[in-house]
Each structure stands twice: as structure tokens, then as C-alpha cells.
Amino acid sequence: MKFLKKLFKWVAILLGVLIIALYITDTDYLLKAVRTIYLTGHSTAYLEDYKKFDNKLVENGNPQPWPIHKHYNTVKETDALNDINKTNGTIAYVIIKNDSIWFENYYDGFDENSKSNSFSMAKSYVSGLMGKAIEQGYIKSLDQPVSDFLPTFCKGLAAKMTVGDLSSMASGTTWDEKYYSPFSIVTRAYFDDDLEKVMLGLKVEEEPGKKFKYSSGDTQILAMVIEKATGKKMYQYLEESFWKPLGCENETFWQVDSEDHDLVKAYCCIASNAKDFARFGKLYKDFGKWNGKQILDSVFVAKSIKPRFPESPQYGYGWWLKQQNGKDFFMMRGHLGQYVIVEPNDNVIIVRLGHSKGSNKEENSFTEDISVYIDEAYKMLGK
């Protein structure tokens, strides 16, 4: 018994020293990471982790349910689609044809209204909000310097960084996109309760506007610019600009770093469902028009879904671009395989949400699962 008491005493002392050390070294965000992710059996962020964080409500207005296609659910999943859905833990798979729900199915206890983390699909919304801010005159153009809004970036190479560079992932910052390292800036940004401080500590190491380098940090800085420019919180701006006008059927949540600092995790973390996520894909498919009303500038939309850099044809402004089977797709894309995939010429939208994207093996910047979700949808459609 004495031995156990001594053991518990020393364990408590060691834990106390460790916690003090984390605060001294400014790595106390790891405590939150351990509590919310690692002690729940996960090695990275997961679909319903929004329940563990502070969130801000984004209300919906008058719901506009999707029309149901006359051939709704008359075709079942192909064998290959069933296999990958099971292997990768798909929770939602939806095919929208001619703006009507042609097929939908939900798995693993989720349903059409279940919320799950968008992860980086949120980047497309942020880019769209930038376009809205330009349209409304809060931001002059894609070429306006970031330093006009965030003076921290007013010296050296940073002074050349523009709003458009952030949306097209060409900031030249030191951000390093490592999801599974507990010591990466991605992990710090996800768990730190003062996200602005983290972002303002970034340095610009290469000349901005010269090349594509995927960086969640770019989107986060862009959100800070939008808030400074508009004087509105991102979750409020999303609600008034898109969530209500697009007739979303469900309210949503956007994670913030903390109640005190109230800065959204802009590069990720909108909690919603497949059919409401799909609305933003439809908006871009229709060049910013919704039910006959121009919600977002059509010229901006057209520019967004074309590559900025010829040597990086996979990315535009906030949207991924993929050629497959002679077709041109643009897509929202998130960690663990969250996708809204759009083919405007065929008037097809494919939505897949799930726990995993399977192998992380990439070919031309896209993981292998994306091709399967596209191919099997087209087989089901008979195309």
C-alpha cells in the first residue's frame, strides 16, 4: 500500500511538472488535443469532433428542399461503390442530377440531417465570402495587399502578399501542412485557444503570387482579412451571404478557437450535412445564380474554377479542379474524404462524406478514392 501511495505521488508530481512545462513552452494546446482527440481513440480530427469544441450557430432561413428526381433511388450502389463505402466508412453518398436528388443513401447510423465536420471543404466557402466582400466593396480586388488589413504583414516579402494569393494558396508563408504530427502548426491551429496569435506568427519565406502550395494557413489569414474588411464575424457573414439565401434546410455550426477570442477555424470545421453542403456546389455550377437571383458575381465564380497557375492545374481560387474521363470537375474537398464534386456540363453533383479516404496515395494531387466515387456515380447514371 505504501508503495502504491508513493507511486501515485510521483506520477502526480510528474504530471504536474509536465503540465507546467507545456505552459512554459507555449505548447499547452497539446492538453486539449489529448483530451478531445487522442483519449477518444482517434489519431486525428474526426467527423463529430465539433461537439468537443466551441461553436457558433449559423441559422438557416426559409428551407428550400431539393426537388426529388423522377428516377429517385431506382438504381442501387454498384458493387465497387458498396466495397469502398464499407472500407472507407462512408456516412453519406448523394447524386444530384439536373438539380434534383437522383440518389441518396446514409450509413453508420447517420441520416440526411446528421451533422459532420466539413474539414477543408470550408475553404471554398471562405473564398466565396472573399468574392462577396469584393462585390460589396469591402475589399477592392484580388490584388489588394493583405497588409491593408493586417499590418503585421507590411514588411519585406509579406508586403507583396495579396488577398488573391491567399485564396489561390500562393502566399509563400512558412505554414507546413502536417495533419498527424502533434507538434505541427496545423495541430496547434486546431487546438490553440488564440488562433490569431498563431497566424500572425507566420513568416513569408518565398515571394507571394508565384506558385501554388497548399496551405490551410492561407485560408485562415484570408478569414481574418474578411473580418477586418467587413467588420463582421465569419459565421455571421456566411449566414447572411449564403446559408440563408441558398435555402439550407438545417442550421449549422462553425467552430471557433474559443469563446473569448471568437475566431472561426476558417480552413475547416463547418458542421453540416451532404445536401446542404451540395448547395454551394450548385451555386458555383450556375455561376453564382440561385433561383434566378445573382447571389455571387459570375465573373468571380468563373475565375475561381479555373487554374491560376498553368503549372498547377489542380487548383483555382478555393476550389480543386480535376480532369477525368474527358470531363472537367471542380470540387470542395476535405480531410478524411469529404467531397462535393461538380460536373457542370452534365449537370451532376456528387457528395460523399465519411470517416476515411482510405489510402493516402495520390496521383496528380488527388487520392485514389475520388476517381472511384466519380466513376461509380456515372455507372449508376448510365453514362
# chains A, B, ... in the order shown; residues from 1 in each chain; ligands from 1
call {"tool": "residues_around", "arguments": {"residues": "segment 293-303 of chain A", "least_positions_apart": "2", "cutoff": "8 Å", "atoms": "only C-alpha atoms", "output": "PyMOL selection string"}}
result
chain A and resi 128+131-132+135+241-242+245+284+287-291+305-306+316-317
call {"tool": "write_last_selection", "arguments": {"atoms": "N, CA and C atoms", "output": "mmCIF file, in the first residue's frame"}}
result
data_model
loop_
_atom_site.group_PDB
_atom_site.id
_atom_site.type_symbol
_atom_site.label_atom_id
_atom_site.label_comp_id
_atom_site.auth_asym_id
_atom_site.auth_seq_id
_atom_site.Cartn_x
_atom_site.Cartn_y
_atom_site.Cartn_z
ATOM 1 N N GLY A 128 -15.514 32.031 -51.328
ATOM 2 C CA GLY A 128 -16.751 32.642 -51.798
ATOM 3 C C GLY A 128 -17.095 33.904 -51.030
ATOM 4 N N GLY A 131 -15.107 36.676 -52.342
ATOM 5 C CA GLY A 131 -15.727 37.201 -53.550
ATOM 6 C C GLY A 131 -16.896 38.116 -53.230
ATOM 7 N N LYS A 132 -17.672 37.724 -52.224
ATOM 8 C CA LYS A 132 -18.803 38.550 -51.798
ATOM 9 C C LYS A 132 -18.314 39.886 -51.248
ATOM 10 N N GLU A 135 -17.348 42.055 -54.116
ATOM 11 C CA GLU A 135 -18.570 42.506 -54.790
ATOM 12 C C GLU A 135 -19.239 43.644 -54.026
ATOM 13 N N SER A 241 -24.852 35.783 -46.266
ATOM 14 C CA SER A 241 -24.443 35.761 -47.667
ATOM 15 C C SER A 241 -24.858 34.490 -48.395
ATOM 16 N N PHE A 242 -24.798 33.346 -47.701
ATOM 17 C CA PHE A 242 -25.025 32.072 -48.382
ATOM 18 C C PHE A 242 -26.006 31.140 -47.670
ATOM 19 N N PRO A 245 -29.662 32.618 -47.931
ATOM 20 C CA PRO A 245 -30.087 32.787 -49.334
ATOM 21 C C PRO A 245 -30.169 31.485 -50.126
ATOM 22 N N TYR A 284 -22.007 27.468 -57.588
ATOM 23 C CA TYR A 284 -20.881 27.674 -58.495
ATOM 24 C C TYR A 284 -21.161 27.052 -59.861
ATOM 25 N N PHE A 287 -22.873 29.550 -61.852
ATOM 26 C CA PHE A 287 -22.147 30.827 -61.931
ATOM 27 C C PHE A 287 -22.731 31.892 -61.012
ATOM 28 N N GLY A 288 -23.002 31.464 -59.769
ATOM 29 C CA GLY A 288 -23.394 32.410 -58.725
ATOM 30 C C GLY A 288 -24.865 32.740 -58.666
ATOM 31 N N LYS A 289 -25.661 32.086 -59.478
ATOM 32 C CA LYS A 289 -27.101 32.376 -59.511
ATOM 33 C C LYS A 289 -27.862 31.302 -58.744
ATOM 34 N N TRP A 290 -28.871 31.735 -57.989
ATOM 35 C CA TRP A 290 -29.719 30.794 -57.228
ATOM 36 C C TRP A 290 -31.179 31.199 -57.416
ATOM 37 N N ASN A 291 -31.947 30.287 -57.968
ATOM 38 C CA ASN A 291 -33.369 30.542 -58.227
ATOM 39 C C ASN A 291 -33.584 31.865 -58.962
ATOM 40 N N ILE A 305 -13.002 28.732 -60.664
ATOM 41 C CA ILE A 305 -12.968 27.315 -61.064
ATOM 42 C C ILE A 305 -12.088 27.086 -62.289
ATOM 43 N N LYS A 306 -11.121 27.988 -62.455
ATOM 44 C CA LYS A 306 -10.073 27.822 -63.454
ATOM 45 C C LYS A 306 -8.727 27.926 -62.749
ATOM 46 N N GLY A 316 -7.853 26.343 -58.281
ATOM 47 C CA GLY A 316 -8.217 27.684 -58.715
ATOM 48 C C GLY A 316 -8.179 28.637 -57.544
ATOM 49 N N TYR A 317 -9.322 29.240 -57.231
ATOM 50 C CA TYR A 317 -9.458 30.091 -56.048
ATOM 51 C C TYR A 317 -10.445 29.424 -55.100
#
call {"tool": "residues_around", "arguments": {"residues": "segment 36-44 of chain A", "least_positions_apart": "4", "cutoff": "8 Å", "atoms": "only C-alpha atoms", "output": "PyMOL selection string"}}
result
chain A and resi 32+49+52+179-180
call {"tool": "closest_residue", "arguments": {"among": "A:Val146, A:Tyr373, A:Met169, A:Arg35", "to": "Asn82 of chain A", "atoms": "only C-alpha atoms"}}
result
A:Tyr373
call {"tool": "select_by_dssp", "arguments": {"residues": "segment 303-351 of chain A", "states": "strand (DSSP E)", "output": "number ranges by chain"}}
result
A: 320-324, 327-334, 338-343, 348-351
call {"tool": "write_last_selection", "arguments": {"atoms": "N, CA and C atoms", "output": "short mmCIF file (atom, residue, chain, number, x, y, z; two decimals), in the first residue's frame"}}
result
data_model
loop_
_atom_site.label_atom_id
_atom_site.label_comp_id
_atom_site.auth_asym_id
_atom_site.auth_seq_id
_atom_site.Cartn_x
_atom_site.Cartn_y
_atom_site.Cartn_z
N TRP A 320 -10.82 22.81 -55.90
CA TRP A 320 -9.97 21.83 -56.57
C TRP A 320 -10.53 21.55 -57.97
N LEU A 321 -9.64 21.27 -58.90
CA LEU A 321 -10.02 21.05 -60.30
C LEU A 321 -9.43 19.73 -60.77
N LYS A 322 -10.27 18.90 -61.36
CA LYS A 322 -9.81 17.57 -61.76
C LYS A 322 -10.40 17.18 -63.11
N GLN A 323 -9.54 16.67 -63.98
CA GLN A 323 -9.99 16.10 -65.25
C GLN A 323 -10.04 14.58 -65.12
N GLN A 324 -11.13 14.00 -65.57
CA GLN A 324 -11.28 12.55 -65.51
C GLN A 324 -12.24 12.11 -66.61
N LYS A 327 -13.77 14.65 -68.82
CA LYS A 327 -14.68 15.60 -68.20
C LYS A 327 -13.91 16.50 -67.23
N ASP A 328 -14.42 17.70 -67.03
CA ASP A 328 -13.81 18.67 -66.13
C ASP A 328 -14.67 18.83 -64.88
N PHE A 329 -14.12 18.42 -63.75
CA PHE A 329 -14.81 18.52 -62.47
C PHE A 329 -14.17 19.62 -61.63
N PHE A 330 -14.98 20.29 -60.83
CA PHE A 330 -14.43 21.12 -59.75
C PHE A 330 -15.05 20.64 -58.45
N MET A 331 -14.33 20.82 -57.34
CA MET A 331 -14.80 20.19 -56.12
C MET A 331 -14.36 20.91 -54.85
N MET A 332 -15.20 20.76 -53.84
CA MET A 332 -14.86 21.06 -52.47
C MET A 332 -14.27 19.76 -51.91
N ARG A 333 -13.26 19.89 -51.08
CA ARG A 333 -12.54 18.69 -50.66
C ARG A 333 -12.03 18.84 -49.24
N GLY A 334 -12.25 17.81 -48.40
CA GLY A 334 -11.86 17.89 -47.01
C GLY A 334 -11.17 16.64 -46.49
N GLN A 338 -14.12 14.18 -47.48
CA GLN A 338 -15.38 14.91 -47.61
C GLN A 338 -15.35 15.61 -48.98
N TYR A 339 -16.34 15.34 -49.82
CA TYR A 339 -16.30 15.86 -51.18
C TYR A 339 -17.66 16.37 -51.65
N VAL A 340 -17.64 17.51 -52.33
CA VAL A 340 -18.74 17.94 -53.19
C VAL A 340 -18.12 18.10 -54.57
N ILE A 341 -18.49 17.21 -55.48
CA ILE A 341 -17.86 17.11 -56.81
C ILE A 341 -18.87 17.54 -57.86
N VAL A 342 -18.48 18.48 -58.71
CA VAL A 342 -19.43 19.08 -59.66
C VAL A 342 -18.93 18.91 -61.10
N GLU A 343 -19.83 18.45 -61.97
CA GLU A 343 -19.57 18.43 -63.41
C GLU A 343 -20.68 19.25 -64.07
N VAL A 348 -24.32 17.43 -62.97
CA VAL A 348 -24.22 16.39 -61.95
C VAL A 348 -23.41 16.90 -60.76
N ILE A 349 -23.93 16.62 -59.56
CA ILE A 349 -23.21 16.90 -58.32
C ILE A 349 -23.15 15.60 -57.52
N ILE A 350 -21.95 15.23 -57.08
CA ILE A 350 -21.75 14.02 -56.28
C ILE A 350 -21.23 14.45 -54.91
N VAL A 351 -21.87 13.98 -53.86
CA VAL A 351 -21.43 14.30 -52.50
C VAL A 351 -21.08 13.01 -51.78
#
call {"tool": "closest_residue", "arguments": {"among": "A:Ser258, A:Tyr138, A:Tyr106, A:Glu362", "to": "Asp194 of chain A", "atoms": "only C-alpha atoms"}}
result
A:Ser258
call {"tool": "select_by_dssp", "arguments": {"residues": "segment 101-349 of chain A", "states": "alpha helix (DSSP H)", "output": "PyMOL selection string"}}
result
chain A and resi 122-135+163-167+185-191+195-200+216-230+234-238+274-285+298-304
call {"tool": "atom_distance", "arguments": {"atom1": "atom CA of Asn62 of chain A", "atom2": "atom CA of Ser114 of chain A"}}
result
19.0 Å
call {"tool": "decode", "arguments": {"residues": "segment 156-169 of chain A", "atoms": "N, CA, C and O atoms", "output": "PDB file, in the first residue's frame"}}
result
ATOM      1  N   GLY A 156       8.948  43.545 -46.079  1.00  0.00           N
ATOM      2  CA  GLY A 156       9.636  42.532 -46.870  1.00  0.00           C
ATOM      3  C   GLY A 156       8.727  41.855 -47.862  1.00  0.00           C
ATOM      4  O   GLY A 156       7.835  42.478 -48.452  1.00  0.00           O
ATOM      5  N   LEU A 157       8.913  40.542 -48.039  1.00  0.00           N
ATOM      6  CA  LEU A 157       8.097  39.775 -48.976  1.00  0.00           C
ATOM      7  C   LEU A 157       6.623  39.784 -48.594  1.00  0.00           C
ATOM      8  O   LEU A 157       5.747  39.753 -49.457  1.00  0.00           O
ATOM      9  N   ALA A 158       6.361  39.845 -47.289  1.00  0.00           N
ATOM     10  CA  ALA A 158       4.972  39.815 -46.818  1.00  0.00           C
ATOM     11  C   ALA A 158       4.162  40.976 -47.380  1.00  0.00           C
ATOM     12  O   ALA A 158       2.953  40.853 -47.596  1.00  0.00           O
ATOM     13  N   ALA A 159       4.807  42.103 -47.641  1.00  0.00           N
ATOM     14  CA  ALA A 159       4.097  43.275 -48.162  1.00  0.00           C
ATOM     15  C   ALA A 159       3.546  43.031 -49.562  1.00  0.00           C
ATOM     16  O   ALA A 159       2.635  43.730 -50.017  1.00  0.00           O
ATOM     17  N   LYS A 160       4.082  42.034 -50.265  1.00  0.00           N
ATOM     18  CA  LYS A 160       3.625  41.715 -51.616  1.00  0.00           C
ATOM     19  C   LYS A 160       2.443  40.755 -51.621  1.00  0.00           C
ATOM     20  O   LYS A 160       1.827  40.529 -52.657  1.00  0.00           O
ATOM     21  N   MET A 161       2.128  40.192 -50.481  1.00  0.00           N
ATOM     22  CA  MET A 161       1.062  39.190 -50.396  1.00  0.00           C
ATOM     23  C   MET A 161      -0.304  39.848 -50.562  1.00  0.00           C
ATOM     24  O   MET A 161      -0.633  40.808 -49.868  1.00  0.00           O
ATOM     25  N   THR A 162      -1.105  39.308 -51.486  1.00  0.00           N
ATOM     26  CA  THR A 162      -2.428  39.867 -51.761  1.00  0.00           C
ATOM     27  C   THR A 162      -3.541  38.953 -51.266  1.00  0.00           C
ATOM     28  O   THR A 162      -3.309  37.780 -50.941  1.00  0.00           O
ATOM     29  N   VAL A 163      -4.734  39.503 -51.258  1.00  0.00           N
ATOM     30  CA  VAL A 163      -5.917  38.721 -50.887  1.00  0.00           C
ATOM     31  C   VAL A 163      -6.084  37.534 -51.832  1.00  0.00           C
ATOM     32  O   VAL A 163      -6.391  36.419 -51.403  1.00  0.00           O
ATOM     33  N   GLY A 164      -5.869  37.760 -53.118  1.00  0.00           N
ATOM     34  CA  GLY A 164      -5.979  36.678 -54.093  1.00  0.00           C
ATOM     35  C   GLY A 164      -4.950  35.594 -53.899  1.00  0.00           C
ATOM     36  O   GLY A 164      -5.214  34.413 -54.163  1.00  0.00           O
ATOM     37  N   ASP A 165      -3.758  35.964 -53.427  1.00  0.00           N
ATOM     38  CA  ASP A 165      -2.730  34.961 -53.143  1.00  0.00           C
ATOM     39  C   ASP A 165      -3.198  33.999 -52.059  1.00  0.00           C
ATOM     40  O   ASP A 165      -2.899  32.795 -52.106  1.00  0.00           O
ATOM     41  N   LEU A 166      -3.933  34.510 -51.084  1.00  0.00           N
ATOM     42  CA  LEU A 166      -4.427  33.655 -50.002  1.00  0.00           C
ATOM     43  C   LEU A 166      -5.471  32.671 -50.515  1.00  0.00           C
ATOM     44  O   LEU A 166      -5.451  31.495 -50.176  1.00  0.00           O
ATOM     45  N   SER A 167      -6.373  33.135 -51.353  1.00  0.00           N
ATOM     46  CA  SER A 167      -7.432  32.275 -51.867  1.00  0.00           C
ATOM     47  C   SER A 167      -6.901  31.209 -52.812  1.00  0.00           C
ATOM     48  O   SER A 167      -7.451  30.101 -52.890  1.00  0.00           O
ATOM     49  N   SER A 168      -5.820  31.512 -53.524  1.00  0.00           N
ATOM     50  CA  SER A 168      -5.256  30.576 -54.512  1.00  0.00           C
ATOM     51  C   SER A 168      -4.074  29.786 -53.959  1.00  0.00           C
ATOM     52  O   SER A 168      -3.399  29.084 -54.707  1.00  0.00           O
ATOM     53  N   MET A 169      -3.842  29.892 -52.641  1.00  0.00           N
ATOM     54  CA  MET A 169      -2.767  29.143 -51.976  1.00  0.00           C
ATOM     55  C   MET A 169      -1.398  29.501 -52.555  1.00  0.00           C
ATOM     56  O   MET A 169      -0.626  28.633 -52.963  1.00  0.00           O
TER      57      MET A 169
END
